[in-house]
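Visitor: After the structure tokens below, expect a handful of questions from me.
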Number of protein chains: 4
Amino acid sequence: MQICCIFMHYQRKESTIAMIRAGIIGATGYAGNEIIRLLLNHRETEIEWLVSRSFEGQSYSDIYRNFFDIIDMECLGSEIENLLNKVDVVFTATPQGYLSSILKEEMLQKARFIDLSADYRIKDVDIYEKWYGIKHGSPELIKRSVYGLCEVNREDIKNTDLLANPGCFTTCSILTAYPLIKEHLIDPDTLIINALSGVSGAGRGAKVANLFSEVNESAKAYGVTNHRHTPEIEEQLSYAYGGTVQVNFTPHLVPMNRGILVTETASLNPGVDEEAVRNAYEKHFKDEFFIRLCKDGANPETRFVEGSNYTDIGFKVDQRTKRVIMMGALDNLVKGAAGQAVQNMNIMFGFDEREGLKAVPMVP
Amino acid sequence: MQICCIFMHYQRKESTIAMIRAGIIGATGYAGNEIIRLLLNHRETEIEWLVSRSFEGQSYSDIYRNFFDIIDMECLGSEIENLLNKVDVVFTATPQGYLSSILKEEMLQKARFIDLSADYRIKDVDIYEKWYGIKHGSPELIKRSVYGLCEVNREDIKNTDLLANPGCFTTCSILTAYPLIKEHLIDPDTLIINALSGVSGAGRGAKVANLFSEVNESAKAYGVTNHRHTPEIEEQLSYAYGGTVQVNFTPHLVPMNRGILVTETASLNPGVDEEAVRNAYEKHFKDEFFIRLCKDGANPETRFVEGSNYTDIGFKVDQRTKRVIMMGALDNLVKGAAGQAVQNMNIMFGFDEREGLKAVPMVP
Amino acid sequence: MQICCIFMHYQRKESTIAMIRAGIIGATGYAGNEIIRLLLNHRETEIEWLVSRSFEGQSYSDIYRNFFDIIDMECLGSEIENLLNKVDVVFTATPQGYLSSILKEEMLQKARFIDLSADYRIKDVDIYEKWYGIKHGSPELIKRSVYGLCEVNREDIKNTDLLANPGCFTTCSILTAYPLIKEHLIDPDTLIINALSGVSGAGRGAKVANLFSEVNESAKAYGVTNHRHTPEIEEQLSYAYGGTVQVNFTPHLVPMNRGILVTETASLNPGVDEEAVRNAYEKHFKDEFFIRLCKDGANPETRFVEGSNYTDIGFKVDQRTKRVIMMGALDNLVKGAAGQAVQNMNIMFGFDEREGLKAVPMVP
Amino acid sequence: MQICCIFMHYQRKESTIAMIRAGIIGATGYAGNEIIRLLLNHRETEIEWLVSRSFEGQSYSDIYRNFFDIIDMECLGSEIENLLNKVDVVFTATPQGYLSSILKEEMLQKARFIDLSADYRIKDVDIYEKWYGIKHGSPELIKRSVYGLCEVNREDIKNTDLLANPGCFTTCSILTAYPLIKEHLIDPDTLIINALSGVSGAGRGAKVANLFSEVNESAKAYGVTNHRHTPEIEEQLSYAYGGTVQVNFTPHLVPMNRGILVTETASLNPGVDEEAVRNAYEKHFKDEFFIRLCKDGANPETRFVEGSNYTDIGFKVDQRTKRVIMMGALDNLVKGAAGQAVQNMNIMFGFDEREGLKAVPMVP
């Protein structure tokens, strides 16, 4: 039975080397949909199957009609172990706790996993269980996983078979502060992170709170003091700092489809000036394709990264208060989810890291 | 010549005492438009004339067609001194520097002024001139003015003839932190203010940056470290604290018409717990009609104050970091501008402070 | 037990005659919420109880936090017959088929009903059952009901105890064409109605299709050829015409909270010119407070009626094609639902028809 | 002097044949910006220069910061004749009347022109001058131009050096009706076209009418009976029909960045049923890559084509009224402007027609 087909015009793969085959579990969420969009422009990968428990048996392009006439695949159900034999890489864009409840050592021998959930992001399983309120189903595999913040952990990513893809807020929050934390230019005890998110970050579940008429023309903070991305941010910044970093992270929902914008404030260490700050950013990110350091005076705006894998970063030193304001912007579904997942796949499989990810941000 | 007419159905004034007469200078900006909307439901005031230099000679309801069939008044030009004889109160919703360049002592004897610009908000004229980059035209009148944050300065407001109506960001930022600053529950050196604003706050000028396709589906910080509302916030919080307060205030533009949301973070002083914080808010605001203290666990959302004069305030104590997150929401055109101006007028003229301001917030 | 309380500041009723008491069934939908918002500014009515089957036992202002500190009432469940004794009028903002399944003759003797559902709008029960796919539970009461299009049926409305409040698309579609149909200026066989609706018209149910990320930044037609408002439009226009009118009505969903805009096209009868068209509109609507006939060259825009009970109507005669383009705009939750319901109540109880409905449209 | 540079990562051209060189005049409007976005993913073309009279001398990526770190080119001014020597093709995304005022025979011998303005779309210069209110500067060149509606005029496009790229409303309106007009299945005298447009269609000029706070949360018709795309639609449909077609075209502005949705209504000719309608669409469009005929019951939505060159078309036959409702959706900046321009370039230069245009629509 032919359950899988991508229309010929999109199978314009030109590579002479064999392509890798990918499967996607959780294909009908916004992140799953975005992985598919990106992989269709990836010249080294073909999509082998799509799994969606909620939409099993339905045609994918009936659910996401942007794919009409582009892919003709039916959503499969949960017999995942058999499906693993057909692919080289599996993307899991599934609810927290799902992958950890089913993943076993032998599955990792069949395919490499790129997990977009939080299940393997946090090394300390107690912290995971406390913040997520979920019992972790496979704590023995956590150590094996690599945290896939590409620009920071590139070397470790190359060889892993269990990649924990970072969260959207997390990616933006960490990258924006990383050079200054790493170089000890700011006092980590003063780091305050405020973040804005477009509504697609809340997922495609049918909830009253995410109806158009509930979130349009409004803004609110949520998850105040207890948002689940907090320990992930703290853990990674602590590694960078070489000591404990504890932050207040306050996310806000604003009425737009896509985009994360973070604004971080911290006290500069004595003697640190604007030049030192800029040098630190350039030292770490000047050569990073997917990080763009804004010119002086230009603040990141989410529209300038929409649809792309870029993170735009800017900063302003406040002479009056001896603080630095750091700002970062990314597309929560691309660099904040599917794009970074593909970037990680590229690193893991030795492809050009930019393959499939060169779309220019779309304005307006 | 009959230049002024409000249609009969809206002249349903029922007061037996004589009504006061109001004039509005800068009637065609969003704040001016909002003052008119509110005054039409005010039972003690009638609108006598409208001034707009840009639209002189045009029918007001051709410019703002929401007023079609409601008011039939022509915008007058700049012969303001003559107009003063016809009114008891003047609202100036004009660009920074305008009122201070024309205001004279004798004008204040003809009518009481409620100024929505920043001209008389800041007591130290040097600070005004530095942050606004404008030469102040009548510094001798600054001392005479009263800062019209109603819930804080009510007594002084009663007798003034020159009322400096606070800014939108300022009102929200100050009210949200006021009780904790006043009661010395937080360390003012750690106060960080992030704010989100709807686009109407940017005014009705024809600028590319405020076109729909430029700001829709995007978020950005702006005025980072140098937004003009900063010294106003600092001055008022310093009065409350009884010492110098210096903050980082970072505003952001988000794609909605109306609304200000502030999120403020500060370190709690030793021994301060959640109960102490709540007590401070209740001490100062429990009996304030236009301030609503959210229930535990409920964060302010701008939609819940839209169209109304309310400020909703909530907070969350973070035990981990010993900080408090304070949140406030208001409608930038009502409590953040025209509504507070009317509230000030009510106080100045001895009306019920709520007159004309009891509209229920409109959801969705 | 005190289950019902509106905070004192809002109980500023000044009427010397006794106020009527209202109950609302279906209080937690957007239309129910809007009825409450409007009644709080109505000087002849007090709200006695709120019923919501979905939210029974919950505090109303926890669900709609715009009412926080304004009303403190608990949602009641379905023991409606007892509740009828406490009120003079009942608003039912309930799903299609609900009221007709419970309403009985004797209930109408306890209170007058204003039904915002479609149950009693269509005189021919077969047509109702065909278009709605619902068995009508009390067809014997249909004849008794009056179709509450205020500007057309004012006299009949005065005495009814069962008022069928028109639909949002319907009100706008009928009013916009009514004078030209009534005066036989257009050929009814050529009438094409296109309509745009804000998303609140789709209700507050938790459906994926109405999530922000599904409807924002998109437009679509829906209910093409079979939208349920079609027979209602046709029936009323047929009465006006004195013969059968059959139309194509095509609604569209556009990304805004509120607003209905209709654009109707029809061929002018021979000899009909622009003046005749304008005369017809003025003949029927010039003295109607809630209908505003736009000036020549000014097309209705939904923003100019937002939050108000107005319907703005404009037209353009096309000399080339001998057609007229008629346009109408209203707020779907006010004149398209709750506002017209209150207007009907005013007519039924002999109040000033404008009582509680004089809010100026809010721009922006 | 190095005025032109595209960063190396984007110069990943792999073609072995020589690439063509493109220049863009009017590069800083939304259509110009979109042409550049598309050409950066086109493997047979390199961008040679950008012209913008308004932004002469400024860095392009300072104006459109989505291109930051991607292109580093300065906007050139108006010495266009010299620039022609450096390119094979010129895109003009300029105001109406500009190209016709400067274009001369000899310029066409240096480079082939793809004009996104209306200057050469209408064959009858009197009709152009009447509807646009502009004197045409080079009427002698009109005959030479080819109307670039790719799916209809593909053969003529191949050889032209003056391509008149169709308008956004026009492309959508014509394609949606074309098969039924061409096959004489509908009565052209009954064709009514309603259209919705996102705000980017109004351009990037600094006009109050297009400010966020003026168009957000509102909908309106505009250009009623006299929109300039009307004669273009009529001319092309008349060619298809083989006789005069006259329509009422009514565009509306709705609050979204991108997208055109048309809804067209016409009476079916006697005996025409749903199957005949579907057959006509399939006959003309089944093999067209960029036209997707929706499944029965699925209406086009603009979100499903966003960012792509697709036109989605659907229809519904109304048995009651013997009419057909035709619906079409496209992205106004892609298939409605820049995408079709690139598609035309592909046809003109013998490239794969889909080159550079295979992006999957981006949802949400």
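Labels for the structure tokens follow display order: chains A, B, ..., residues from 1 in each chain, ligands from 1.
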Would you list the contacts of Ile36 (chain A) as a PDB file with C-alpha atoms, in the first residue's frame, taking every protein, DNA or RNA residue within 10 Å and counting only C-alpha atoms, but skipping same-chain residues closer than 6 positions in sequence?

Guide:
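To be explicit, this is the file written out as out.pdb:
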```pdb
ATOM      1  CA  ALA A  22      12.948  11.018   8.260  1.00  0.00           C
ATOM      2  CA  GLY A  23       9.850  10.197  10.275  1.00  0.00           C
ATOM      3  CA  ILE A  24       7.847  12.694  12.271  1.00  0.00           C
ATOM      4  CA  ALA A  27       3.150  15.738  12.819  1.00  0.00           C
ATOM      5  CA  THR A  28      -0.077  17.681  13.256  1.00  0.00           C
ATOM      6  CA  HIS A  42      15.987  20.054   2.283  1.00  0.00           C
ATOM      7  CA  GLU A  46      13.074  12.644   2.407  1.00  0.00           C
ATOM      8  CA  ILE A  47      10.036  12.272   4.590  1.00  0.00           C
ATOM      9  CA  LEU A  50       4.069  10.966   9.596  1.00  0.00           C
ATOM     10  CA  PHE A  67       0.320  21.138   1.820  1.00  0.00           C
ATOM     11  CA  ILE A  71       2.189  15.982  -0.037  1.00  0.00           C
ATOM     12  CA  ALA A 338      11.577  23.047  13.832  1.00  0.00           C
TER      13      ALA A 338
ATOM     14  CA  VAL D 360       5.635  25.752   0.772  1.00  0.00           C
TER      15      VAL D 360
END
```

Visitor: Can you pull out every residue within 12 Å of Asn248 (chain D), counting only C-alpha atoms, but drop anything in the same chain fewer than 3 positions away, and send it as a PyMOL selection string?

Guide: (chain C and resi 192+263-267+316-325) or (chain D and resi 173+188-195+223-231+233-234+245+251+263-266)

Visitor: Using only C-alpha atoms, find each residue in chain B having at least one atom no more than 6 Å away from chain C; report its shortest atom-to-atom pair and that distance in Å (one decimal), rows by chain then rising number, as a tab-separated table.

Guide:
```
residue	atom	partner	partner_atom	distance
B:Arg65	CA	C:Phe304	CA	5.9
B:Asn66	CA	C:Phe304	CA	4.2
B:Phe304	CA	C:Asn66	CA	4.2
B:Pro361	CA	C:Asn66	CA	5.4
```

Visitor: Find the distance between CA of Ser78 (chain D) and CA of Val51 (chain D) and write it in Å to one decimal.

Guide: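 Interatomic distance here is 7.0 Å.
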
Visitor: Please report, as a PyMOL selection string, each residue of region 77-295 of chain D to which DSSP assigns alpha helix (DSSP H) when run on this structure's backbone.

Guide: chain D and resi 80-83+98-102+105-110+125-132+150-158+168-182+212-215+229-241+274-285

Visitor: Taking the DSSP assignment computed from this structure's backbone, write out as a PyMOL selection string all residues of region 90-332 of chain B that belong to strand (DSSP E).

Guide: chain B and resi 90-92+112-115+146-147+162-164+192-197+220-221+248-253+260-267+291-293+311-318+323-330

Visitor: What lies within 10 Å of Arg121 (chain A) using only C-alpha atoms, ignoring chain neighbours under 6 positions off, as a ChimeraX atom specification?

Guide: /A:115,128,142-143,145-148,163-167,231-232,235-236

Visitor: So the first atom is CA of Asp187 (chain B) and the second is CA of Asn299 (chain B); what is the distance between them in Å, to one decimal place?

Guide: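 We find that CA of Asp187 (chain B) and CA of Asn299 (chain B) lie 22.6 Å from each other.
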
Visitor: Separation of CA of Ser101 (chain D) and CA of Glu56 (chain D), in Å?

Guide: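 Distance reported for this atom pair: 20.0 Å.
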
Visitor: Taking 6 positions as the minimum chain separation for residues in the same chain, which residues sit within 7 Å of Asn309 (chain B) when counting only C-alpha atoms? Answer as a ChimeraX atom specification.

Guide: /B:290,334-335,339,357

Visitor: Near Ala111 (chain D), counting only C-alpha atoms, which residues have an atom at most 7 Å away, once you skip same-chain residues fewer than 4 positions from it, shown as an MDAnalysis selection string?

Guide: chainID D and resid 84 87:90 107

Visitor: Would you export the selected residues with C-alpha atoms as a compact mmCIF listing (two decimals), in the first residue's frame, please?

Guide:
```
# COMPACT_ATOMS: atom_id res chain seq x y z
CA LEU D 84 20.69 48.77 -18.31
CA VAL D 87 21.58 43.43 -16.74
CA ASP D 88 19.47 41.05 -18.76
CA VAL D 89 16.18 41.79 -17.08
CA VAL D 90 14.71 44.75 -15.23
CA MET D 107 16.04 50.55 -23.70
```
